file structure-v2.tsv (TSV, C-alpha atoms)
chain	number	residue	atom	x	y	z
A	1	MET	CA	-49.70	-30.29	-27.31
A	2	LYS	CA	-46.81	-31.21	-29.49
A	3	ILE	CA	-44.78	-28.33	-30.89
A	4	SER	CA	-43.47	-28.95	-34.35
A	5	LYS	CA	-39.74	-28.67	-35.01
A	6	LYS	CA	-40.36	-25.81	-37.42
A	7	LEU	CA	-42.25	-23.78	-34.79
A	8	LEU	CA	-39.56	-24.47	-32.22
A	9	ALA	CA	-36.88	-23.26	-34.61
A	10	LEU	CA	-38.91	-20.13	-35.33
A	11	ILE	CA	-39.32	-19.40	-31.59
A	12	VAL	CA	-35.56	-19.81	-31.05
A	13	VAL	CA	-34.71	-17.51	-33.96
A	14	ILE	CA	-37.24	-14.83	-32.95
A	15	SER	CA	-36.17	-14.91	-29.27
A	16	GLY	CA	-32.58	-14.59	-30.42
A	17	ILE	CA	-33.36	-11.54	-32.53
A	18	VAL	CA	-35.51	-9.94	-29.81
A	19	GLY	CA	-32.81	-10.69	-27.21
A	20	PHE	CA	-30.16	-9.14	-29.42
A	21	PHE	CA	-32.15	-5.93	-29.88
A	22	VAL	CA	-32.79	-5.73	-26.12
A	23	VAL	CA	-29.14	-6.29	-25.20
A	24	LEU	CA	-27.74	-3.95	-27.85
A	25	PRO	CA	-29.23	-0.68	-26.53
A	26	VAL	CA	-28.50	-1.68	-22.92
A	27	HIS	CA	-24.88	-2.34	-23.85
A	28	TYR	CA	-24.75	0.95	-25.75
A	29	VAL	CA	-26.20	2.91	-22.81
A	30	LEU	CA	-23.78	1.24	-20.37
A	31	GLU	CA	-20.85	2.12	-22.65
A	32	GLU	CA	-21.89	5.70	-23.28
A	33	THR	CA	-22.46	6.44	-19.58
A	34	SER	CA	-19.04	5.11	-18.57
A	35	THR	CA	-16.68	7.67	-20.11
A	36	ASP	CA	-14.90	10.40	-18.18
A	37	ARG	CA	-16.63	12.86	-20.50
A	38	PHE	CA	-20.02	11.64	-19.30
A	39	CYS	CA	-18.98	11.69	-15.61
A	40	GLY	CA	-17.60	15.19	-16.07
A	41	VAL	CA	-20.98	16.48	-17.23
A	42	CYS	CA	-21.72	17.19	-13.57
A	43	HIS	CA	-19.27	19.98	-12.81
A	44	GLU	CA	-18.71	18.84	-9.23
A	45	MET	CA	-16.70	16.05	-10.85
A	46	ASP	CA	-14.30	18.47	-12.59
A	47	PRO	CA	-11.48	18.15	-10.01
A	48	MET	CA	-11.70	14.35	-10.21
A	49	VAL	CA	-11.71	14.26	-14.01
A	50	ILE	CA	-8.93	16.87	-14.31
A	51	SER	CA	-6.63	15.02	-11.90
A	52	TYR	CA	-7.48	11.72	-13.64
A	53	GLN	CA	-6.40	13.14	-16.99
A	54	LYS	CA	-2.90	13.65	-15.57
A	55	ASP	CA	-2.62	10.01	-14.52
A	56	ILE	CA	-1.18	7.14	-16.52
A	57	HIS	CA	-4.63	5.47	-16.23
A	58	ALA	CA	-6.00	8.14	-18.57
A	59	GLY	CA	-4.04	6.59	-21.43
A	60	SER	CA	-0.84	8.65	-21.45
A	61	GLY	CA	1.37	5.57	-21.10
A	62	ALA	CA	3.46	4.09	-23.90
A	63	ILE	CA	0.93	1.31	-24.47
A	64	GLY	CA	-1.95	3.78	-24.45
A	65	VAL	CA	-4.24	1.70	-22.25
A	66	LYS	CA	-6.99	3.88	-20.83
A	67	ALA	CA	-9.11	2.99	-17.81
A	68	LYS	CA	-12.59	4.47	-17.61
A	69	CYS	CA	-14.01	5.89	-14.36
A	70	VAL	CA	-16.22	2.81	-13.97
A	71	ASP	CA	-13.28	0.42	-14.39
A	72	CYS	CA	-12.15	1.38	-10.89
A	73	HIS	CA	-15.28	2.82	-9.30
A	74	LEU	CA	-17.74	-0.02	-9.95
A	75	PRO	CA	-17.58	-3.68	-8.87
A	76	HIS	CA	-16.44	-6.14	-11.54
A	77	ASP	CA	-16.97	-9.52	-9.93
A	78	ASN	CA	-20.53	-9.92	-11.13
A	79	LEU	CA	-22.42	-8.33	-14.05
A	80	ALA	CA	-25.69	-8.04	-12.11
A	81	LYS	CA	-23.89	-6.31	-9.23
A	82	TYR	CA	-22.15	-3.99	-11.69
A	83	VAL	CA	-25.41	-2.93	-13.35
A	84	TYR	CA	-27.18	-2.61	-10.00
A	85	GLN	CA	-24.44	-0.45	-8.48
A	86	LYS	CA	-24.30	1.68	-11.62
A	87	ALA	CA	-28.03	2.28	-11.47
A	88	VAL	CA	-27.92	3.12	-7.75
A	89	ASN	CA	-25.01	5.54	-8.26
A	90	GLY	CA	-26.75	7.12	-11.21
A	91	ILE	CA	-29.93	7.74	-9.22
A	92	VAL	CA	-28.21	8.92	-6.02
A	93	GLU	CA	-25.66	11.14	-7.77
A	94	GLY	CA	-28.26	12.44	-10.20
A	95	TYR	CA	-30.53	13.33	-7.30
A	96	ILE	CA	-27.75	15.14	-5.42
A	97	HIS	CA	-26.77	17.01	-8.58
A	98	PHE	CA	-30.26	18.24	-9.42
A	99	PHE	CA	-31.99	18.47	-6.03
A	100	GLY	CA	-29.21	18.38	-3.44
A	101	ASP	CA	-26.34	20.74	-2.72
A	102	PRO	CA	-23.16	19.33	-4.27
A	103	ASP	CA	-21.24	22.50	-3.35
A	104	SER	CA	-21.60	21.69	0.33
A	105	ILE	CA	-19.86	18.32	0.00
A	106	ASN	CA	-16.52	18.18	1.79
A	107	TRP	CA	-14.61	16.21	-0.82
A	108	VAL	CA	-11.23	16.51	0.93
A	109	ALA	CA	-12.72	14.88	4.04
A	110	ASN	CA	-14.31	12.24	1.80
A	111	LEU	CA	-10.88	11.15	0.56
A	112	LYS	CA	-10.60	9.01	3.67
A	113	ASN	CA	-13.49	6.88	2.35
A	114	LYS	CA	-11.51	5.88	-0.74
A	115	GLU	CA	-11.67	2.20	0.19
A	116	HIS	CA	-15.43	2.30	-0.40
A	117	TYR	CA	-15.20	3.99	-3.79
A	118	VAL	CA	-12.56	1.85	-5.48
A	119	PHE	CA	-13.05	-1.84	-6.19
A	120	ASP	CA	-10.11	-4.23	-6.09
A	121	ASN	CA	-11.69	-6.52	-8.65
A	122	GLY	CA	-11.66	-3.51	-10.98
A	123	CYS	CA	-7.91	-3.07	-10.42
A	124	MET	CA	-7.28	-6.79	-10.84
A	125	SER	CA	-9.32	-7.10	-14.01
A	126	CYS	CA	-6.44	-5.24	-15.71
A	127	HIS	CA	-3.56	-6.00	-13.32
A	128	THR	CA	-4.46	-9.67	-13.44
A	129	ASN	CA	-1.15	-11.10	-12.24
A	130	ILE	CA	-0.09	-8.38	-9.83
A	131	LEU	CA	-0.21	-10.55	-6.70
A	132	ASP	CA	1.93	-13.34	-8.15
A	133	THR	CA	4.31	-11.59	-10.48
A	134	THR	CA	8.01	-11.58	-9.65
A	135	ALA	CA	8.61	-8.74	-12.09
A	136	SER	CA	7.64	-6.06	-9.56
A	137	SER	CA	10.08	-4.70	-6.98
A	138	GLN	CA	10.93	-6.73	-3.89
A	139	GLN	CA	9.14	-4.23	-1.69
A	140	ALA	CA	6.01	-4.50	-3.86
A	141	GLN	CA	6.13	-8.30	-3.71
A	142	LYS	CA	6.52	-8.18	0.07
A	143	MET	CA	3.57	-5.80	0.49
A	144	HIS	CA	1.37	-7.72	-1.96
A	145	ALA	CA	2.09	-10.88	0.06
A	146	HIS	CA	0.94	-8.91	3.13
A	147	TYR	CA	-2.26	-8.03	1.25
A	148	VAL	CA	-2.85	-11.69	0.36
A	149	LYS	CA	-2.18	-12.79	3.95
A	150	LEU	CA	-4.90	-10.45	5.24
A	151	GLN	CA	-7.54	-11.48	2.72
A	152	GLY	CA	-10.58	-12.92	4.44
A	153	SER	CA	-9.58	-11.54	7.84
A	154	ASP	CA	-11.19	-8.56	9.55
A	155	LYS	CA	-8.11	-6.51	8.61
A	156	GLU	CA	-8.55	-7.05	4.88
A	157	LEU	CA	-6.88	-4.35	2.81
A	158	LYS	CA	-7.87	-2.74	-0.47
A	159	CYS	CA	-5.53	-1.74	-3.28
A	160	VAL	CA	-6.14	1.94	-2.44
A	161	SER	CA	-5.28	1.36	1.22
A	162	CYS	CA	-1.69	1.78	0.06
A	163	HIS	CA	-1.96	3.15	-3.49
A	164	VAL	CA	-3.51	6.37	-2.26
A	165	GLY	CA	-3.07	8.65	-5.27
A	166	VAL	CA	-3.73	6.04	-7.93
A	167	GLY	CA	-5.82	7.03	-10.93
A	168	HIS	CA	-5.52	10.71	-10.11
A	169	ALA	CA	-1.77	11.30	-10.34
A	170	HIS	CA	-1.55	12.21	-6.62
A	171	ASP	CA	-3.19	15.47	-7.67
A	172	MET	CA	-6.79	15.07	-6.55
A	173	ARG	CA	-6.26	16.71	-3.16
A	174	ASN	CA	-4.67	19.72	-4.91
A	175	GLN	CA	-7.51	20.07	-7.40
A	176	LEU	CA	-10.12	19.70	-4.63
A	177	GLU	CA	-8.33	22.40	-2.64
A	178	TYR	CA	-8.41	24.67	-5.71
A	179	TRP	CA	-12.18	24.18	-5.89
A	180	LYS	CA	-12.89	24.47	-2.18
A	181	PRO	CA	-9.96	25.45	0.04
A	182	SER	CA	-9.67	23.81	3.46
A	183	TYR	CA	-7.78	26.80	4.81
A	184	LYS	CA	-9.11	30.33	4.48
A	185	ILE	CA	-5.70	31.88	3.89
A	186	TYR	CA	-5.37	30.14	0.49
A	187	GLU	CA	-8.78	31.24	-0.88
A	188	ASN	CA	-7.56	33.85	-3.37
A	189	LYS	CA	-4.66	31.75	-4.58
A	190	MET	CA	-6.89	28.69	-4.97
A	191	LEU	CA	-9.37	30.58	-7.12
A	192	GLU	CA	-6.48	31.63	-9.37
A	193	GLN	CA	-5.32	27.99	-9.61
A	194	LYS	CA	-8.88	26.76	-10.23
A	195	ILE	CA	-9.24	29.13	-13.18
A	196	LYS	CA	-5.84	28.04	-14.52
A	197	SER	CA	-6.79	24.37	-14.15
A	198	LYS	CA	-10.13	24.85	-15.90
A	199	GLN	CA	-8.57	26.89	-18.71
A	200	GLU	CA	-5.95	24.20	-19.32
A	201	PHE	CA	-8.54	21.42	-19.29
A	202	PHE	CA	-11.54	22.97	-21.09
A	203	LYS	CA	-9.46	25.17	-23.43
A	204	ASP	CA	-11.86	27.00	-25.82
A	205	GLU	CA	-14.90	25.55	-24.08
A	206	TYR	CA	-13.99	27.17	-20.75
A	207	GLU	CA	-16.97	28.97	-19.28
A	208	PRO	CA	-16.09	31.00	-16.16
A	209	THR	CA	-18.55	31.13	-13.28
A	210	LYS	CA	-19.69	34.53	-12.01
A	211	GLN	CA	-17.04	34.45	-9.26
A	212	GLU	CA	-14.31	33.47	-11.73
A	213	ARG	CA	-15.35	36.18	-14.19
A	214	GLU	CA	-15.15	38.83	-11.47
A	215	PHE	CA	-11.73	37.58	-10.43
A	216	LEU	CA	-10.47	37.60	-14.04
A	217	GLU	CA	-11.80	41.12	-14.67
A	218	LYS	CA	-10.19	42.40	-11.49
A	219	ASN	CA	-6.89	40.82	-12.46
A	220	VAL	CA	-6.95	42.33	-15.95
A	221	LYS	CA	-7.43	45.77	-14.42
A	222	LYS	CA	-4.66	45.30	-11.86
A	223	PRO	CA	-1.61	45.65	-14.10
A	224	ALA	CA	-3.18	48.75	-15.73
A	225	ASN	CA	-3.58	50.35	-12.28
A	226	SER	CA	-0.11	49.51	-11.17
A	227	HIS	CA	1.48	51.54	-13.99
B	1	MET	CA	42.71	-42.75	9.34
B	2	LYS	CA	41.63	-41.18	6.11
B	3	ARG	CA	38.05	-42.29	6.74
B	4	LEU	CA	38.10	-40.76	10.22
B	5	ALA	CA	39.31	-37.45	8.84
B	6	LEU	CA	36.55	-37.50	6.23
B	7	LEU	CA	33.94	-38.28	8.89
B	8	LEU	CA	35.20	-35.44	11.11
B	9	LEU	CA	35.18	-33.02	8.18
B	10	SER	CA	31.60	-33.91	7.26
B	11	LEU	CA	30.53	-33.57	10.90
B	12	VAL	CA	32.10	-30.11	11.14
B	13	THR	CA	30.39	-29.12	7.89
B	14	CYS	CA	27.02	-30.30	9.22
B	15	PHE	CA	27.50	-28.37	12.47
B	16	SER	CA	28.45	-25.21	10.64
B	17	PHE	CA	25.32	-25.50	8.50
B	18	VAL	CA	23.13	-25.92	11.54
B	19	PHE	CA	24.90	-23.13	13.37
B	20	GLY	CA	24.72	-20.89	10.29
B	21	ASP	CA	21.00	-21.47	9.97
B	22	THR	CA	20.31	-20.57	13.57
B	23	LYS	CA	22.30	-17.41	13.16
B	24	SER	CA	20.43	-16.30	10.05
B	25	ALA	CA	17.16	-17.16	11.76
B	26	GLU	CA	18.14	-14.83	14.58
B	27	THR	CA	18.79	-11.85	12.34
B	28	ASN	CA	15.82	-12.48	10.08
B	29	SER	CA	13.19	-13.58	12.52
B	30	THR	CA	9.55	-13.10	11.64
B	31	LYS	CA	8.25	-14.31	14.98
B	32	ILE	CA	7.78	-11.31	17.22
B	33	VAL	CA	4.76	-11.78	19.40
B	34	MET	CA	3.03	-8.44	19.71
B	35	SER	CA	1.91	-8.32	23.33
B	36	ASP	CA	-0.43	-5.59	24.55
B	37	GLU	CA	2.50	-4.20	26.50
B	38	LEU	CA	4.63	-3.93	23.35
B	39	LYS	CA	1.72	-2.43	21.42
B	40	ALA	CA	1.31	0.25	24.08
B	41	LYS	CA	5.03	0.95	24.21
B	42	TYR	CA	5.53	1.20	20.43
B	43	LYS	CA	2.22	2.69	19.29
B	44	LEU	CA	1.65	2.88	15.55
B	45	LYS	CA	0.14	5.77	13.64
B	46	PRO	CA	-3.57	5.07	12.94
B	47	HIS	CA	-2.94	4.87	9.17
B	48	HIS	CA	-0.18	2.30	9.66
B	49	GLU	CA	-2.20	0.38	12.21
B	50	HIS	CA	-5.01	0.21	9.68
B	51	LEU	CA	-2.59	-1.50	7.29
B	52	ALA	CA	-1.98	-4.14	9.99
B	53	PHE	CA	1.77	-3.72	9.89
B	54	ASP	CA	3.98	-5.93	12.02
B	55	CYS	CA	7.26	-4.67	13.51
B	56	ILE	CA	9.32	-6.37	10.82
B	57	ASP	CA	7.39	-4.75	7.97
B	58	CYS	CA	9.44	-1.66	8.77
B	59	HIS	CA	12.26	-3.12	10.88
B	60	ALA	CA	13.27	-5.82	8.41
B	61	ASN	CA	16.49	-7.72	9.17
B	62	GLN	CA	16.84	-6.12	12.58
B	63	GLY	CA	16.41	-9.24	14.71
B	64	ASP	CA	13.48	-9.99	16.97
B	65	ASP	CA	14.13	-7.75	19.97
B	66	PRO	CA	12.02	-4.59	19.59
B	67	SER	CA	14.10	-2.76	22.20
B	68	LYS	CA	17.09	-3.06	19.88
B	69	PHE	CA	15.34	-1.87	16.72
B	70	LYS	CA	16.96	1.02	14.93
B	71	ASN	CA	15.49	4.05	13.17
B	72	ILE	CA	14.58	3.03	9.61
B	73	LYS	CA	15.65	6.43	8.26
B	74	ASP	CA	14.38	8.11	5.08
B	75	GLU	CA	15.15	5.06	3.00
B	76	GLY	CA	12.74	2.97	5.06
B	77	CYS	CA	9.89	5.50	4.86
B	78	LEU	CA	10.40	6.10	1.16
B	79	SER	CA	10.37	2.38	0.33
B	80	CYS	CA	6.58	2.78	0.50
B	81	HIS	CA	6.07	6.53	0.23
B	82	GLY	CA	7.94	7.00	-3.06
B	83	THR	CA	10.11	10.07	-3.31
B	84	LYS	CA	10.29	13.37	-1.47
B	85	LYS	CA	9.37	15.10	-4.72
B	86	LEU	CA	6.22	13.00	-5.00
B	87	LEU	CA	5.29	13.86	-1.41
B	88	ALA	CA	5.82	17.53	-2.23
B	89	GLN	CA	3.66	17.16	-5.35
B	90	ARG	CA	0.79	15.79	-3.24
B	91	LEU	CA	0.62	19.07	-1.31
B	92	LYS	CA	1.33	21.30	-4.31
B	93	PHE	CA	-1.57	23.62	-3.48
B	94	MET	CA	0.49	24.86	-0.51
B	95	ASP	CA	3.26	26.00	-2.87
B	96	THR	CA	1.07	28.97	-3.79
B	97	LEU	CA	1.85	30.50	-0.38
B	98	LYS	CA	5.28	28.86	-0.19
B	99	ALA	CA	3.95	26.91	2.80
B	100	ASN	CA	4.40	23.38	1.46
B	101	PRO	CA	6.24	21.60	4.29
B	102	HIS	CA	7.67	19.14	1.76
B	103	ASN	CA	8.90	21.92	-0.51
B	104	SER	CA	9.51	24.91	1.71
B	105	VAL	CA	11.40	28.07	0.73
B	106	HIS	CA	14.04	27.15	3.30
B	107	ASP	CA	14.74	23.53	2.49
B	108	GLY	CA	12.91	22.48	-0.67
B	109	PRO	CA	12.17	18.74	-0.79
B	110	THR	CA	15.27	17.81	1.21
B	111	LEU	CA	14.26	17.51	4.87
B	112	TYR	CA	14.70	14.26	6.75
B	113	CYS	CA	11.33	12.58	7.40
B	114	ASP	CA	11.98	12.37	11.13
B	115	GLU	CA	12.49	16.09	11.51
B	116	CYS	CA	8.69	16.20	11.80
B	117	HIS	CA	7.19	12.68	11.55
B	118	PHE	CA	7.62	10.04	14.24
B	119	GLU	CA	6.02	6.64	14.15
B	120	HIS	CA	6.02	5.66	17.81
B	121	LYS	CA	5.45	9.08	19.38
B	122	PRO	CA	3.52	12.22	18.40
B	123	SER	CA	4.91	14.08	15.40
B	124	ILE	CA	6.03	17.68	15.58
B	125	ASN	CA	5.84	20.51	13.08
B	126	MET	CA	9.25	22.00	12.50
B	127	CYS	CA	7.72	25.04	10.75
B	128	SER	CA	6.17	25.93	14.12
B	129	GLU	CA	9.57	26.63	15.60
B	130	CYS	CA	9.53	29.99	13.83
B	131	HIS	CA	5.98	30.25	12.41
B	132	GLU	CA	4.03	29.24	15.49
B	133	HIS	CA	1.03	31.45	14.77
B	134	GLU	CA	0.88	30.98	11.02
B	135	VAL	CA	1.12	27.18	10.94
B	136	PRO	CA	-2.48	26.50	12.10
B	137	GLN	CA	-3.64	28.68	9.20
B	138	TRP	CA	-1.40	26.94	6.67
B	139	MET	CA	-1.87	23.26	7.45
B	140	GLY	CA	-3.38	20.62	9.69
B	141	VAL	CA	-1.80	18.47	12.36
B	142	THR	CA	1.37	16.69	11.22
B	143	PRO	CA	0.48	13.02	10.64
call {"tool": "encode", "arguments": {"input": "structure-v2.tsv", "output": "structure tokens"}}
result
Amino acid sequence: MKISKKLLALIVVISGIVGFFVVLPVHYVLEETSTDRFCGVCHEMDPMVISYQKDIHAGSGAIGVKAKCVDCHLPHDNLAKYVYQKAVNGIVEGYIHFFGDPDSINWVANLKNKEHYVFDNGCMSCHTNILDTTASSQQAQKMHAHYVKLQGSDKELKCVSCHVGVGHAHDMRNQLEYWKPSYKIYENKMLEQKIKSKQEFFKDEYEPTKQEREFLEKNVKKPANSH
Amino acid sequence: MKRLALLLLSLVTCFSFVFGDTKSAETNSTKIVMSDELKAKYKLKPHHEHLAFDCIDCHANQGDDPSKFKNIKDEGCLSCHGTKKLLAQRLKFMDTLKANPHNSVHDGPTLYCDECHFEHKPSINMCSECHEHEVPQWMGVTP
């Protein structure tokens, strides 16, 4: 069967239009589910989002560049891998949030797994010339050469192997401790700090949990009793 | 005669270059073979071992004889670890009980690193000297 040129042109145009309207919503959904606001919808992510907001990667720098959560926490070497990993994370994290027990997660202990949660190709998609630049300090150049030397070996390093507090202003451990103290002796103080942190971050939208409300009420009464 | 003098001068210059090079190679050597014996003698902390550090990554410009290496002092540690204030900031939650070892009520962020942390032998916790019973409640093992 011979397809006429007109029909062929029509097929191309229609496929183009259909393709466009398929890609558009997918792109939109990917964009909308990549903001820190979206990630912070699950309250177990509050300490991560709050500490991130204090970091230069949240856009406080002079240039105003802002990295999204997914810019560091998803792979960027391949679009298919990116979408796949995003879908897997969404399902797993969604499941834990709704059906699991996120409160039982030991986030402080999980910090040691940082190399699995941060992707170098994410870092390098912004810091494109970081391994070659001579503008960084001598120590940085020396250590980046060390990183390059180990690439491909069984001792391969990640950016976060050294840059431990990056993206979270070296404050994530503190925020996690406020939420769930590692040491019993700090419990009261940490609750106080947690409330302070949440009030600063959520401002008018701050909704205290039952435990926080009780603590706040007790503390309001305290000064009255002491007089 | 003049030619001979010139030849001698150039020879001396050549020798001094060669000699100079050997000397700088001695003080700046990058060829320390890490034998199992050396590894056992100068154990690294697990976090530094993970980073696959060689001797000279810390002991830069100290020659190639590990037995002659000197303490790298605060300056050496902080060349990677930033500032003492930053280290104090990372454990800010401990400030609430004034138990932050990097910002204590006694010393603030001014202690020498090697008052507690040692690279090639187990670290100690200086707070324990007076607060032996409280320290396990305040913090973990000194890295």
call {"tool": "atom_distance", "arguments": {"input": "structure-v2.tsv", "atom1": "CA of Leu216 (chain A)", "atom2": "CA of Met48 (chain A)"}}
result
23.6 Å
call {"tool": "interface_residues", "arguments": {"input": "structure-v2.tsv", "of": "chain B", "to": "chain A", "cutoff": "8 Å", "atoms": "all atoms listed in the file", "output": "VMD selection string"}}
result
chain B and resid 50 to 52 79 to 80 86 89 to 94 96 to 97 137 to 139
call {"tool": "atom_distance", "arguments": {"input": "structure-v2.tsv", "atom1": "CA of Val88 (chain A)", "atom2": "CA of Leu30 (chain A)"}}
result
13.4 Å
call {"tool": "atom_distance", "arguments": {"input": "structure-v2.tsv", "atom1": "CA of Gln141 (chain A)", "atom2": "CA of His57 (chain A)"}}
result
21.5 Å
call {"tool": "closest_residue", "arguments": {"input": "structure-v2.tsv", "among": "A:Lys218, A:Lys86, A:Lys149, A:Lys114", "to": "Leu131 (chain A)", "atoms": "only C-alpha atoms"}}
result
A:Lys149
call {"tool": "axis_aligned_box", "arguments": {"input": "structure-v2.tsv", "around": "region 128-131 of chain B", "padding_each_side": "6 Å", "output": "AutoDock Vina command-line options"}}
result
--center_x 7.8 --center_y 28.1 --center_z 14.0 --size_x 15.6 --size_y 16.3 --size_z 15.2
call {"tool": "residues_around", "arguments": {"input": "structure-v2.tsv", "residues": "Ser104 (chain A)", "least_positions_apart": "6", "cutoff": "12 Å", "atoms": "all atoms listed in the file", "output": "VMD selection string"}}
result
chain A and resid 44 96 to 97 179 to 180
call {"tool": "residues_around", "arguments": {"input": "structure-v2.tsv", "residues": "Asp107 (chain B)", "least_positions_apart": "3", "cutoff": "12 Å", "atoms": "only C-alpha atoms", "output": "ChimeraX atom specification"}}
result
/B:84,88,98-104,110-112,115,126-127
call {"tool": "closest_residue", "arguments": {"input": "structure-v2.tsv", "among": "A:Tyr206, A:Lys194, A:Lys112, A:Asp77", "to": "His47 (chain B)", "atoms": "all atoms listed in the file"}}
result
A:Lys112
call {"tool": "residues_around", "arguments": {"input": "structure-v2.tsv", "residues": "Ile32 (chain B)", "least_positions_apart": "2", "cutoff": "12 Å", "atoms": "only C-alpha atoms", "output": "list of chain:residue names"}}
result
B:Glu26, B:Asn28, B:Ser29, B:Thr30, B:Met34, B:Ser35, B:Leu38, B:Lys39, B:Asp54, B:Cys55, B:Ile56, B:Asp57, B:His59, B:Ala60, B:Gln62, B:Gly63, B:Asp64, B:Asp65, B:Pro66, B:Ser67
